>>> print(open('entry-v4.cif').read())   # mmCIF, C-alpha atoms (C1' of nucleotides)
data_data
#
loop_
_atom_site.label_atom_id
_atom_site.label_comp_id
_atom_site.auth_asym_id
_atom_site.auth_seq_id
_atom_site.Cartn_x
_atom_site.Cartn_y
_atom_site.Cartn_z
CA MET A 30 -6.92 50.06 22.57
CA ALA A 31 -7.92 46.56 21.74
CA LYS A 32 -6.93 44.43 24.65
CA ARG A 33 -9.57 41.84 24.20
CA ASP A 34 -7.41 38.90 25.17
CA GLU A 35 -8.63 39.29 28.72
CA ARG A 36 -12.25 39.09 27.84
CA GLY A 37 -12.48 35.50 26.81
CA GLU A 38 -15.88 35.99 25.34
CA ARG A 39 -16.23 33.08 23.00
CA PRO A 40 -15.06 29.88 24.65
CA ARG A 41 -15.20 27.72 21.56
CA SER A 42 -13.22 24.64 20.86
CA ALA A 43 -9.86 25.90 19.77
CA PRO A 44 -10.33 27.14 16.21
CA LYS A 45 -7.46 25.62 14.32
CA ALA A 46 -9.33 26.48 11.18
CA PHE A 47 -8.33 30.08 10.63
CA ALA A 48 -5.19 29.91 12.73
CA PRO A 49 -2.23 31.80 11.32
CA HIS A 50 0.66 29.77 10.04
CA ASP A 51 4.25 30.18 9.11
CA HIS A 52 4.41 30.42 5.37
CA ASP A 53 7.95 29.17 5.03
CA LEU A 54 7.34 26.14 7.18
CA ARG A 55 4.03 25.47 5.61
CA ARG A 56 5.48 25.74 2.20
CA SER A 57 8.47 23.55 2.72
CA GLY A 58 6.37 20.86 4.33
CA ALA A 59 3.69 21.09 1.70
CA MET A 60 6.19 21.02 -1.11
CA ARG A 61 7.75 17.86 0.26
CA ALA A 62 4.31 16.33 0.48
CA ALA A 63 3.56 17.38 -3.07
CA GLU A 64 6.80 15.83 -4.29
CA ALA A 65 5.92 12.63 -2.52
CA VAL A 66 2.45 12.55 -4.04
CA CYS A 67 3.79 13.14 -7.52
CA ALA A 68 6.53 10.57 -7.14
CA ALA A 69 4.00 8.00 -5.98
CA ARG A 70 1.79 8.70 -8.95
CA GLY A 71 4.51 9.00 -11.52
CA ALA A 72 3.50 12.60 -12.16
CA GLN A 73 6.00 15.33 -12.88
CA LEU A 74 6.09 18.30 -10.58
CA THR A 75 7.73 20.57 -13.12
CA ALA A 76 9.14 24.03 -12.49
CA ILE A 77 5.96 25.84 -13.50
CA ARG A 78 3.69 23.56 -11.53
CA ARG A 79 5.92 23.78 -8.51
CA ARG A 80 6.04 27.55 -8.70
CA VAL A 81 2.28 27.87 -9.02
CA LEU A 82 1.82 25.65 -6.01
CA GLU A 83 4.29 27.77 -4.07
CA LEU A 84 2.41 30.90 -4.98
CA LEU A 85 -0.80 29.34 -3.73
CA LEU A 86 0.86 28.24 -0.52
CA GLU A 87 2.33 31.66 0.12
CA SER A 88 -0.95 33.43 -0.32
CA HIS A 89 -3.39 33.64 2.56
CA LYS A 90 -6.20 34.08 0.10
CA PRO A 91 -7.28 32.06 -2.89
CA LEU A 92 -5.82 33.38 -6.10
CA GLY A 93 -7.50 33.70 -9.47
CA ALA A 94 -5.88 32.23 -12.52
CA TYR A 95 -5.02 35.63 -13.91
CA ALA A 96 -3.59 36.83 -10.62
CA LEU A 97 -1.29 33.83 -10.66
CA LEU A 98 -0.50 34.54 -14.27
CA GLU A 99 0.64 38.04 -13.44
CA ARG A 100 2.95 36.79 -10.74
CA LEU A 101 4.35 34.16 -13.04
CA ARG A 102 5.02 36.82 -15.60
CA GLU A 103 7.15 38.76 -13.17
CA GLU A 104 9.47 35.81 -13.03
CA ARG A 105 9.26 34.24 -16.44
CA GLY A 106 8.62 35.68 -19.85
CA ALA A 107 5.16 36.50 -21.05
CA ALA A 108 3.21 33.45 -20.02
CA GLN A 109 -0.18 32.90 -21.56
CA PRO A 110 -3.44 31.79 -19.95
CA PRO A 111 -3.13 28.14 -20.99
CA THR A 112 0.12 27.92 -19.05
CA ILE A 113 -1.51 28.72 -15.79
CA TYR A 114 -4.65 26.75 -16.42
CA ARG A 115 -2.66 23.69 -17.30
CA ALA A 116 -0.63 23.97 -14.14
CA LEU A 117 -3.79 24.43 -12.11
CA ASP A 118 -5.48 21.50 -13.80
CA PHE A 119 -2.52 19.38 -12.88
CA LEU A 120 -2.51 20.49 -9.27
CA VAL A 121 -6.24 20.00 -8.86
CA GLU A 122 -6.18 16.64 -10.60
CA HIS A 123 -3.55 15.37 -8.23
CA GLY A 124 -5.21 16.75 -5.15
CA LEU A 125 -2.60 19.42 -4.48
CA ALA A 126 -4.96 22.33 -4.95
CA HIS A 127 -8.66 23.07 -5.02
CA LYS A 128 -10.78 25.39 -7.00
CA VAL A 129 -13.07 27.58 -4.94
CA MET A 130 -16.08 27.85 -7.17
CA ARG A 131 -17.58 30.74 -5.35
CA LEU A 132 -14.54 32.87 -6.03
CA ASN A 133 -13.37 31.47 -9.32
CA ALA A 134 -10.08 31.09 -7.55
CA PHE A 135 -7.66 28.45 -6.44
CA THR A 136 -6.11 27.49 -3.15
CA ALA A 137 -3.51 24.98 -2.06
CA CYS A 138 -4.88 21.84 -0.51
CA SER A 139 -4.36 21.37 3.21
CA HIS A 140 -4.26 17.61 3.01
CA PRO A 141 -2.40 16.84 -0.18
CA GLY A 142 -2.65 13.32 -1.41
CA GLU A 143 -5.42 12.25 0.91
CA ARG A 144 -8.73 11.50 -0.64
CA HIS A 145 -11.19 13.87 0.93
CA MET A 146 -14.30 15.96 0.49
CA PRO A 147 -13.15 19.31 1.75
CA GLN A 148 -15.39 21.98 3.17
CA PHE A 149 -14.36 25.55 2.69
CA LEU A 150 -15.14 28.32 5.10
CA ILE A 151 -14.97 31.56 3.18
CA CYS A 152 -14.95 34.84 5.02
CA SER A 153 -16.81 37.40 2.97
CA GLU A 154 -15.15 40.26 4.82
CA CYS A 155 -11.46 39.46 4.67
CA GLU A 156 -11.63 36.89 1.87
CA ARG A 157 -9.58 34.46 3.85
CA ILE A 158 -10.46 30.85 3.55
CA SER A 159 -10.10 27.74 5.62
CA GLU A 160 -10.29 24.16 4.51
CA ILE A 161 -11.78 21.71 6.94
CA THR A 162 -12.79 18.10 6.51
CA ASP A 163 -15.38 17.18 9.03
CA PRO A 164 -16.09 13.46 9.07
CA ALA A 165 -19.66 13.97 10.27
CA VAL A 166 -20.39 16.19 7.30
CA MET A 167 -18.90 13.68 4.93
CA ARG A 168 -20.91 10.89 6.49
CA ALA A 169 -24.14 12.84 6.40
CA LEU A 170 -23.66 13.92 2.84
CA GLY A 171 -22.69 10.44 1.73
CA ALA A 172 -25.79 9.04 3.40
CA ALA A 173 -28.04 11.66 1.84
CA ALA A 174 -26.65 10.94 -1.62
CA GLU A 175 -27.00 7.23 -1.11
CA ALA A 176 -30.61 7.66 0.00
CA ALA A 177 -31.31 9.43 -3.28
CA GLY A 178 -29.71 6.59 -5.22
CA PHE A 179 -26.95 8.91 -6.25
CA GLU A 180 -23.41 7.70 -6.71
CA ALA A 181 -21.19 10.54 -5.56
CA HIS A 182 -17.75 10.98 -7.07
CA GLU A 183 -16.79 14.40 -5.93
CA ALA A 184 -18.10 17.12 -3.72
CA ALA A 185 -17.68 20.83 -3.33
CA MET A 186 -18.87 22.46 -0.16
CA GLU A 187 -18.47 26.13 0.43
CA LEU A 188 -19.74 28.16 3.34
CA LEU A 189 -19.89 31.89 3.16
CA GLY A 190 -19.77 33.82 6.37
CA ARG A 191 -17.52 35.56 8.85
CA CYS A 192 -14.27 34.19 10.18
CA PRO A 193 -13.34 34.36 13.89
CA ALA A 194 -11.07 37.36 13.45
CA CYS A 195 -13.66 39.41 11.60
CA ARG A 196 -16.28 38.40 14.14
CA GLU A 197 -14.16 39.72 16.95
CA ALA A 198 -13.40 42.88 15.06
CA ALA A 199 -17.11 43.41 14.50
CA GLU A 200 -17.90 42.75 18.13
CA GLU A 201 -15.31 45.25 19.20
CA ALA A 202 -16.72 47.84 16.87
CA ASP A 203 -20.16 47.17 18.25
CA ALA A 204 -18.93 47.45 21.80
CA ALA A 205 -17.19 50.73 21.04
CA ALA A 206 -20.33 52.13 19.46
CA GLU A 207 -22.30 50.98 22.46
CA THR A 208 -19.93 52.74 24.86
CA THR A 209 -19.92 56.09 23.11
CA ARG A 210 -23.67 56.02 22.82
CA ARG A 211 -24.17 55.92 26.57
CA MET B 5 -34.83 -5.56 -24.45
CA ALA B 6 -34.55 -3.78 -21.18
CA LYS B 7 -37.16 -5.22 -18.93
CA ARG B 8 -35.36 -4.49 -15.73
CA ASP B 9 -38.42 -3.67 -13.71
CA GLU B 10 -38.58 -7.29 -12.68
CA ARG B 11 -35.07 -7.35 -11.35
CA GLY B 12 -35.46 -5.07 -8.41
CA GLU B 13 -31.75 -4.81 -7.99
CA ARG B 14 -31.36 -1.73 -5.91
CA PRO B 15 -33.83 -1.68 -3.05
CA ARG B 16 -33.13 1.83 -1.89
CA SER B 17 -35.42 4.14 -0.06
CA ALA B 18 -37.64 5.57 -2.74
CA PRO B 19 -35.53 8.19 -4.50
CA LYS B 20 -37.74 11.21 -4.69
CA ALA B 21 -34.67 13.15 -5.61
CA PHE B 22 -34.46 12.54 -9.34
CA ALA B 23 -38.10 11.61 -9.75
CA PRO B 24 -39.75 12.94 -12.89
CA HIS B 25 -42.36 15.61 -12.45
CA ASP B 26 -45.12 17.25 -14.38
CA HIS B 27 -43.80 20.52 -15.65
CA ASP B 28 -47.14 22.26 -15.91
CA LEU B 29 -48.14 21.35 -12.43
CA ARG B 30 -44.75 22.10 -11.04
CA ARG B 31 -44.67 25.41 -12.76
CA SER B 32 -48.09 26.62 -11.77
CA GLY B 33 -47.49 25.68 -8.16
CA ALA B 34 -44.05 27.18 -8.11
CA MET B 35 -45.23 30.36 -9.75
CA ARG B 36 -47.90 30.80 -7.15
CA ALA B 37 -45.30 30.27 -4.45
CA ALA B 38 -43.04 32.80 -6.12
CA GLU B 39 -45.82 35.34 -6.26
CA ALA B 40 -46.51 34.79 -2.58
CA VAL B 41 -42.85 35.24 -1.68
CA CYS B 42 -42.60 38.44 -3.67
CA ALA B 43 -45.82 39.82 -2.27
CA ALA B 44 -44.64 39.13 1.25
CA ARG B 45 -41.36 40.88 0.60
CA GLY B 46 -42.74 43.75 -1.38
CA ALA B 47 -40.72 42.67 -4.39
CA GLN B 48 -42.00 42.92 -7.92
CA LEU B 49 -42.21 39.75 -9.94
CA THR B 50 -42.16 41.56 -13.27
CA ALA B 51 -42.77 40.03 -16.68
CA ILE B 52 -39.12 39.37 -17.41
CA ARG B 53 -38.42 37.90 -14.01
CA ARG B 54 -41.49 35.77 -14.18
CA ARG B 55 -40.60 34.50 -17.63
CA VAL B 56 -37.05 33.65 -16.61
CA LEU B 57 -38.33 31.73 -13.64
CA GLU B 58 -40.74 29.87 -15.89
CA LEU B 59 -37.95 28.95 -18.23
CA LEU B 60 -35.95 27.58 -15.34
CA LEU B 61 -38.93 25.63 -14.06
CA GLU B 62 -39.64 24.13 -17.46
CA SER B 63 -36.10 22.94 -17.96
CA HIS B 64 -34.97 19.66 -16.51
CA LYS B 65 -31.42 20.90 -16.53
CA PRO B 66 -29.84 24.04 -15.16
CA LEU B 67 -29.60 26.75 -17.77
CA GLY B 68 -26.75 29.11 -18.39
CA ALA B 69 -27.39 32.83 -18.51
CA TYR B 70 -26.77 32.96 -22.22
CA ALA B 71 -29.02 30.00 -22.91
CA LEU B 72 -31.78 31.83 -21.08
CA LEU B 73 -30.92 34.94 -23.00
CA GLU B 74 -31.43 33.16 -26.32
CA ARG B 75 -34.82 31.91 -25.27
CA LEU B 76 -35.82 35.33 -24.08
CA ARG B 77 -34.78 36.74 -27.41
CA GLU B 78 -37.14 34.42 -29.23
CA GLU B 79 -39.98 36.07 -27.42
CA ARG B 80 -38.86 39.63 -26.89
CA GLY B 81 -36.65 41.89 -28.88
CA ALA B 82 -32.90 41.70 -28.69
CA ALA B 83 -32.29 41.42 -24.99
CA GLN B 84 -28.79 42.02 -23.68
CA PRO B 85 -26.79 40.16 -21.03
CA PRO B 86 -27.57 42.59 -18.21
CA THR B 87 -31.26 41.91 -18.67
CA ILE B 88 -30.90 38.26 -17.88
CA TYR B 89 -28.33 38.73 -15.14
CA ARG B 90 -30.53 41.22 -13.40
CA ALA B 91 -33.46 38.88 -13.52
CA LEU B 92 -31.31 36.06 -12.20
CA ASP B 93 -29.89 38.23 -9.45
CA PHE B 94 -33.39 39.03 -8.39
CA LEU B 95 -34.51 35.41 -8.38
CA VAL B 96 -31.46 34.25 -6.47
CA GLU B 97 -31.67 37.08 -4.00
CA HIS B 98 -35.24 36.21 -3.16
CA GLY B 99 -34.59 32.51 -2.92
CA LEU B 100 -36.51 31.59 -6.06
CA ALA B 101 -33.51 30.23 -7.93
CA HIS B 102 -30.01 29.01 -7.25
CA LYS B 103 -26.80 29.30 -9.10
CA VAL B 104 -25.02 26.03 -9.65
CA MET B 105 -21.42 27.10 -9.42
CA ARG B 106 -20.05 23.96 -10.92
CA LEU B 107 -21.99 24.54 -14.11
CA ASN B 108 -22.13 28.31 -14.24
CA ALA B 109 -25.82 27.77 -14.58
CA PHE B 110 -29.05 28.46 -12.79
CA THR B 111 -31.91 26.36 -11.60
CA ALA B 112 -35.26 27.07 -10.01
CA CYS B 113 -35.39 26.53 -6.29
CA SER B 114 -37.39 23.58 -5.04
CA HIS B 115 -38.33 25.21 -1.79
CA PRO B 116 -38.94 28.84 -2.66
CA GLY B 117 -39.10 31.22 0.21
CA GLU B 118 -37.84 28.80 2.81
CA ARG B 119 -34.47 29.50 4.28
CA HIS B 120 -32.32 26.53 3.51
CA MET B 121 -28.86 25.26 2.68
CA PRO B 122 -29.51 23.23 -0.41
CA GLN B 123 -27.41 20.34 -1.57
CA PHE B 124 -27.25 19.69 -5.27
CA LEU B 125 -26.76 16.29 -6.78
CA ILE B 126 -25.37 16.81 -10.26
CA CYS B 127 -25.25 13.92 -12.68
CA SER B 128 -22.16 14.27 -14.82
CA GLU B 129 -23.63 12.01 -17.47
CA CYS B 130 -27.06 13.42 -18.14
CA GLU B 131 -26.50 16.82 -16.55
CA ARG B 132 -29.70 16.54 -14.61
CA ILE B 133 -29.72 17.94 -11.17
CA SER B 134 -31.60 17.40 -7.97
CA GLU B 135 -31.91 19.70 -5.03
CA ILE B 136 -32.12 18.08 -1.64
CA THR B 137 -31.97 19.56 1.83
CA ASP B 138 -30.86 16.94 4.27
CA PRO B 139 -31.23 18.11 7.87
CA ALA B 140 -28.37 15.90 9.05
CA VAL B 141 -26.02 17.54 6.56
CA MET B 142 -27.13 20.96 7.63
CA ARG B 143 -26.65 20.10 11.27
CA ALA B 144 -23.22 18.58 10.71
CA LEU B 145 -22.06 21.48 8.63
CA GLY B 146 -23.41 24.01 11.06
CA ALA B 147 -21.65 22.26 13.92
CA ALA B 148 -18.38 22.09 12.01
CA ALA B 149 -18.53 25.78 11.20
CA GLU B 150 -19.37 26.65 14.76
CA ALA B 151 -16.46 24.59 16.04
CA ALA B 152 -14.18 26.64 13.85
CA GLY B 153 -15.63 29.84 15.24
CA PHE B 154 -17.10 30.58 11.87
CA GLU B 155 -20.39 32.40 11.49
CA ALA B 156 -22.07 30.84 8.46
CA HIS B 157 -24.45 32.90 6.38
CA GLU B 158 -24.84 30.85 3.29
CA ALA B 159 -23.78 27.50 1.95
CA ALA B 160 -23.34 25.90 -1.41
CA MET B 161 -22.97 22.17 -1.65
CA GLU B 162 -22.60 20.39 -4.92
CA LEU B 163 -22.04 16.71 -5.43
CA LEU B 164 -20.89 15.39 -8.75
CA GLY B 165 -21.70 11.83 -9.63
CA ARG B 166 -24.20 9.59 -11.31
CA CYS B 167 -27.95 9.78 -10.94
CA PRO B 168 -30.11 6.68 -10.41
CA ALA B 169 -31.21 6.52 -14.04
CA CYS B 170 -27.69 6.70 -15.41
CA ARG B 171 -26.57 4.13 -12.86
CA GLU B 172 -29.17 1.71 -14.05
CA ALA B 173 -28.32 2.37 -17.65
CA ALA B 174 -24.67 1.68 -16.91
CA GLU B 175 -25.50 -1.49 -15.02
CA GLU B 176 -27.56 -2.71 -17.92
CA ALA B 177 -24.77 -2.01 -20.34
CA ASP B 178 -22.39 -3.89 -18.08
CA ALA B 179 -24.78 -6.80 -17.81
CA ALA B 180 -25.19 -6.93 -21.57
CA ALA B 181 -21.44 -6.90 -22.09
CA GLU B 182 -21.12 -9.65 -19.51
CA THR B 183 -23.68 -11.78 -21.30
CA THR B 184 -22.14 -11.53 -24.75
CA ARG B 185 -18.71 -12.22 -23.38
CA ARG B 186 -19.69 -15.65 -22.11
"C1'" DA C 18 -46.24 69.33 -13.88
"C1'" DA C 19 -42.13 68.03 -11.30
"C1'" DC C 20 -40.22 64.37 -8.98
"C1'" DC C 21 -38.49 59.95 -7.32
"C1'" DA C 22 -37.49 55.07 -7.26
"C1'" DG C 23 -37.27 50.88 -9.39
"C1'" DA C 24 -37.02 48.46 -13.64
"C1'" DT C 25 -35.34 48.05 -18.22
"C1'" DG C 26 -32.55 49.30 -22.54
"C1'" DT C 27 -27.96 49.92 -24.58
"C1'" DT C 28 -23.12 49.98 -25.35
"C1'" DA C 29 -18.96 48.62 -24.25
"C1'" DT C 30 -15.79 46.09 -21.65
"C1'" DA C 31 -13.77 43.02 -18.06
"C1'" DC C 32 -13.01 38.61 -16.42
"C1'" DT C 33 -12.62 33.51 -16.86
"C1'" DG C 34 -11.49 29.59 -19.46
"C1'" DT C 35 -10.59 26.79 -23.90
"C1'" DT C 36 -9.06 25.12 -28.61
"C1'" DG C 37 -5.65 23.92 -31.77
"C1'" DC C 38 -1.31 23.55 -33.38
"C1'" DA C 39 3.74 24.02 -33.27
"C1'" DA C 40 7.94 23.20 -30.89
"C1'" DC C 41 10.84 21.45 -27.40
"C1'" DG C 42 12.99 18.00 -24.32
"C1'" DC C 43 13.89 13.60 -22.82
"C1'" DG C 44 14.03 8.72 -22.23
"C1'" DC C 45 14.16 4.58 -24.86
"C1'" DG C 46 14.93 0.97 -27.98
"C1'" DT C 47 17.46 -0.15 -32.15
"C1'" DA D 25 23.54 8.53 -33.43
"C1'" DC D 26 19.12 8.07 -34.90
"C1'" DG D 27 14.29 8.10 -34.91
"C1'" DC D 28 10.34 7.62 -32.14
"C1'" DG D 29 6.83 8.51 -28.66
"C1'" DC D 30 5.10 11.15 -25.18
"C1'" DG D 31 4.35 14.62 -22.00
"C1'" DT D 32 5.20 19.48 -21.43
"C1'" DT D 33 5.36 24.13 -22.87
"C1'" DG D 34 4.77 28.28 -26.16
"C1'" DC D 35 1.71 30.79 -28.70
"C1'" DA D 36 -2.30 32.89 -31.09
"C1'" DA D 37 -6.83 33.18 -31.35
"C1'" DC D 38 -11.20 32.67 -29.50
"C1'" DA D 39 -15.36 31.20 -26.60
"C1'" DG D 40 -18.02 31.80 -22.56
"C1'" DT D 41 -19.38 34.32 -18.38
"C1'" DA D 42 -20.35 38.56 -16.05
"C1'" DT D 43 -20.35 43.58 -15.02
"C1'" DA D 44 -19.91 48.83 -15.41
"C1'" DA D 45 -21.83 52.93 -16.70
"C1'" DC D 46 -25.21 55.62 -18.37
"C1'" DA D 47 -29.67 56.47 -20.81
"C1'" DT D 48 -34.61 55.76 -20.80
"C1'" DC D 49 -39.01 54.44 -19.27
"C1'" DT D 50 -42.91 53.71 -16.07
"C1'" DG D 51 -45.86 54.20 -12.24
"C1'" DG D 52 -46.85 56.35 -8.17
"C1'" DT D 53 -46.34 60.80 -5.22
"C1'" DT D 54 -46.43 65.56 -4.18
#
>>> encode(input="entry-v4.cif", output="structure tokens")
Amino acid sequence: MAKRDERGERPRSAPKAFAPHDHDLRRSGAMRAAEAVCAARGAQLTAIRRRVLELLLESHKPLGAYALLERLREERGAAQPPTIYRALDFLVEHGLAHKVMRLNAFTACSHPGERHMPQFLICSECERISEITDPAVMRALGAAAEAAGFEAHEAAMELLGRCPACREAAEEADAAAETTRR
Amino acid sequence: MAKRDERGERPRSAPKAFAPHDHDLRRSGAMRAAEAVCAARGAQLTAIRRRVLELLLESHKPLGAYALLERLREERGAAQPPTIYRALDFLVEHGLAHKVMRLNAFTACSHPGERHMPQFLICSECERISEITDPAVMRALGAAAEAAGFEAHEAAMELLGRCPACREAAEEADAAAETTRR
DNA sequence: AACCAGATGTTATACTGTTGCAACGCGCGT
DNA sequence: ACGCGCGTTGCAACAGTATAACATCTGGTT
């Protein structure tokens, strides 16, 4: 079952967005980037902050503060909420992580250090998330704000929908249902 | 003091976005629209729901669930959280209100009934908010999602920054400081 | 009347985030 | 070494946001 590779149904531009990734590689690269960012800013990437960032990088889903707290507790003594929130504040402030408002959860930034207005694609089926930064969106939004006389400092953009994998899964299910019905 | 009308410093395209509005007019029109939407959908705009929507329409700022709850309590007996959350769920579900994630607060929709991907301009100084729906933003975001193979159902876009009024106020303050310094 | 569905009432609780203060560590200048 | 400042962490309590679960009511239907 499930040999859909041959079908080639949706010839879209290669979706890097939800592409799988090697967590070890991703993490080591991202951690080096984070160190560089902190060094450049004179900020301290302490043990706790580093560990929280690692946890975010390892996860394929955004993590809530209390989920992170639990994991921290497995490694260190009984940490309290402020511990995790402070670490998260630090990471967000320095552009190493983002808060996903829709989920009250946090995710590691894909472009640490760069100034950007990220757009998040949130799959409501598998809860996976993808961070993209489309220049056209940024331009359009900047222009719209400017037209309203609004001075934009920061933006949060979150799309809810279905990721490529869940779309394919749904299509397969549909196809199967279709077949049996005949 | 403050006769800046003559200056004409920022010749932008007329900012409808944060323009003041007549609350009575706005409300009566919006309530009629809400009734029409509910009638068309076979949904009941009950007393509580109607009152919550009115409260949102009367406010120039988004209101938190518990703020709404307090106001409801002044009029009805001791209402409980679920009461207000249910009303808000209803209003959001039928496109009569939006939740502003950034503020954990709710605001009446400016285009009730229409299917849209609203963008919110949130002033971090005065907390006022403006809902715009820029077609170029929608197009760009839709295209970006499509390119990622993502099937978008819903979008939330929130810009944080400074509204026209607060910008002018700040410019005035700057100008005043400049003057005295000389 | 018996019944159903949707709306509301009620109680308790879960989840998310913050305040305030004490203590620790570490570099730094004297 | 000493004291000092400053950023980080520990800790206890609490504030704010949201939901679960179950009871009750109301209006329309059979």
>>> closest_residue(input="entry-v4.cif", among="B:Tyr70, B:Phe154, B:Phe110, B:Phe124", to="DT41 in chain D", atoms="all atoms listed in the file")
B:Tyr70
>>> resolve_selection(input="entry-v4.cif", expression="the PyMOL selection byres ((chain B) within 10 of (chain A))", output="CSV table (one decimal) with C-alpha atoms, keeping the file's coordinate frame")
chain,number,residue,atom,x,y,z
B,14,ARG,CA,-31.4,-1.7,-5.9
B,15,PRO,CA,-33.8,-1.7,-3.0
B,16,ARG,CA,-33.1,1.8,-1.9
B,17,SER,CA,-35.4,4.1,-0.1
B,18,ALA,CA,-37.6,5.6,-2.7
B,19,PRO,CA,-35.5,8.2,-4.5
B,20,LYS,CA,-37.7,11.2,-4.7
B,21,ALA,CA,-34.7,13.2,-5.6
B,22,PHE,CA,-34.5,12.5,-9.3
B,23,ALA,CA,-38.1,11.6,-9.8
B,104,VAL,CA,-25.0,26.0,-9.6
B,105,MET,CA,-21.4,27.1,-9.4
B,106,ARG,CA,-20.0,24.0,-10.9
B,107,LEU,CA,-22.0,24.5,-14.1
B,108,ASN,CA,-22.1,28.3,-14.2
B,121,MET,CA,-28.9,25.3,2.7
B,123,GLN,CA,-27.4,20.3,-1.6
B,124,PHE,CA,-27.2,19.7,-5.3
B,125,LEU,CA,-26.8,16.3,-6.8
B,126,ILE,CA,-25.4,16.8,-10.3
B,127,CYS,CA,-25.2,13.9,-12.7
B,128,SER,CA,-22.2,14.3,-14.8
B,134,SER,CA,-31.6,17.4,-8.0
B,136,ILE,CA,-32.1,18.1,-1.6
B,137,THR,CA,-32.0,19.6,1.8
B,138,ASP,CA,-30.9,16.9,4.3
B,139,PRO,CA,-31.2,18.1,7.9
B,140,ALA,CA,-28.4,15.9,9.0
B,141,VAL,CA,-26.0,17.5,6.6
B,142,MET,CA,-27.1,21.0,7.6
B,143,ARG,CA,-26.6,20.1,11.3
B,144,ALA,CA,-23.2,18.6,10.7
B,145,LEU,CA,-22.1,21.5,8.6
B,146,GLY,CA,-23.4,24.0,11.1
B,147,ALA,CA,-21.6,22.3,13.9
B,148,ALA,CA,-18.4,22.1,12.0
B,149,ALA,CA,-18.5,25.8,11.2
B,150,GLU,CA,-19.4,26.6,14.8
B,151,ALA,CA,-16.5,24.6,16.0
B,152,ALA,CA,-14.2,26.6,13.8
B,153,GLY,CA,-15.6,29.8,15.2
B,154,PHE,CA,-17.1,30.6,11.9
B,155,GLU,CA,-20.4,32.4,11.5
B,156,ALA,CA,-22.1,30.8,8.5
B,157,HIS,CA,-24.4,32.9,6.4
B,158,GLU,CA,-24.8,30.8,3.3
B,159,ALA,CA,-23.8,27.5,2.0
B,160,ALA,CA,-23.3,25.9,-1.4
B,161,MET,CA,-23.0,22.2,-1.6
B,162,GLU,CA,-22.6,20.4,-4.9
B,163,LEU,CA,-22.0,16.7,-5.4
B,164,LEU,CA,-20.9,15.4,-8.8
B,165,GLY,CA,-21.7,11.8,-9.6
B,166,ARG,CA,-24.2,9.6,-11.3
B,167,CYS,CA,-28.0,9.8,-10.9
B,168,PRO,CA,-30.1,6.7,-10.4
B,169,ALA,CA,-31.2,6.5,-14.0
B,170,CYS,CA,-27.7,6.7,-15.4
B,171,ARG,CA,-26.6,4.1,-12.9
>>> closest_atom_pairs(input="entry-v4.cif", of="chain B", to="chain D", cutoff="10 Å", atoms="only C-alpha atoms (C1' of nucleotides)", output="tab-separated table")
residue	atom	partner	partner_atom	distance
B:Gly68	CA	D:DT41	C1'	9.0
B:Ala69	CA	D:DT41	C1'	8.1
B:Tyr70	CA	D:DT41	C1'	8.4
B:Pro85	CA	D:DA42	C1'	8.3
B:Pro86	CA	D:DT43	C1'	8.0
B:Tyr89	CA	D:DA42	C1'	8.0
B:Asn108	CA	D:DT41	C1'	7.8
B:Ala109	CA	D:DT41	C1'	9.9
>>> atom_distance(input="entry-v4.cif", atom1="CA of Arg56 in chain A", atom2="CA of Leu86 in chain A")
5.9 Å
>>> resolve_selection(input="entry-v4.cif", expression="the PyMOL selection byres ((chain C) within 10 of (chain B))", output="list in words")
DG23, DA24, DT25, DG26, DT27 and DT28 of chain C
>>> atom_distance(input="entry-v4.cif", atom1="CA of Ala126 in chain A", atom2="CA of Leu82 in chain A")
7.6 Å
>>> atom_distance(input="entry-v4.cif", atom1="CA of Arg75 in chain B", atom2="CA of Ser32 in chain B")
19.7 Å
>>> residues_around(input="entry-v4.cif", residues="Arg70 in chain A", least_positions_apart="3", cutoff="12 Å", atoms="only C-alpha atoms (C1' of nucleotides)", output="list in words")
Ala63, Glu64, Ala65, Val66, Cys67, Gln73, Leu74, Glu122, His123, Gly124 and Gly142 of chain A
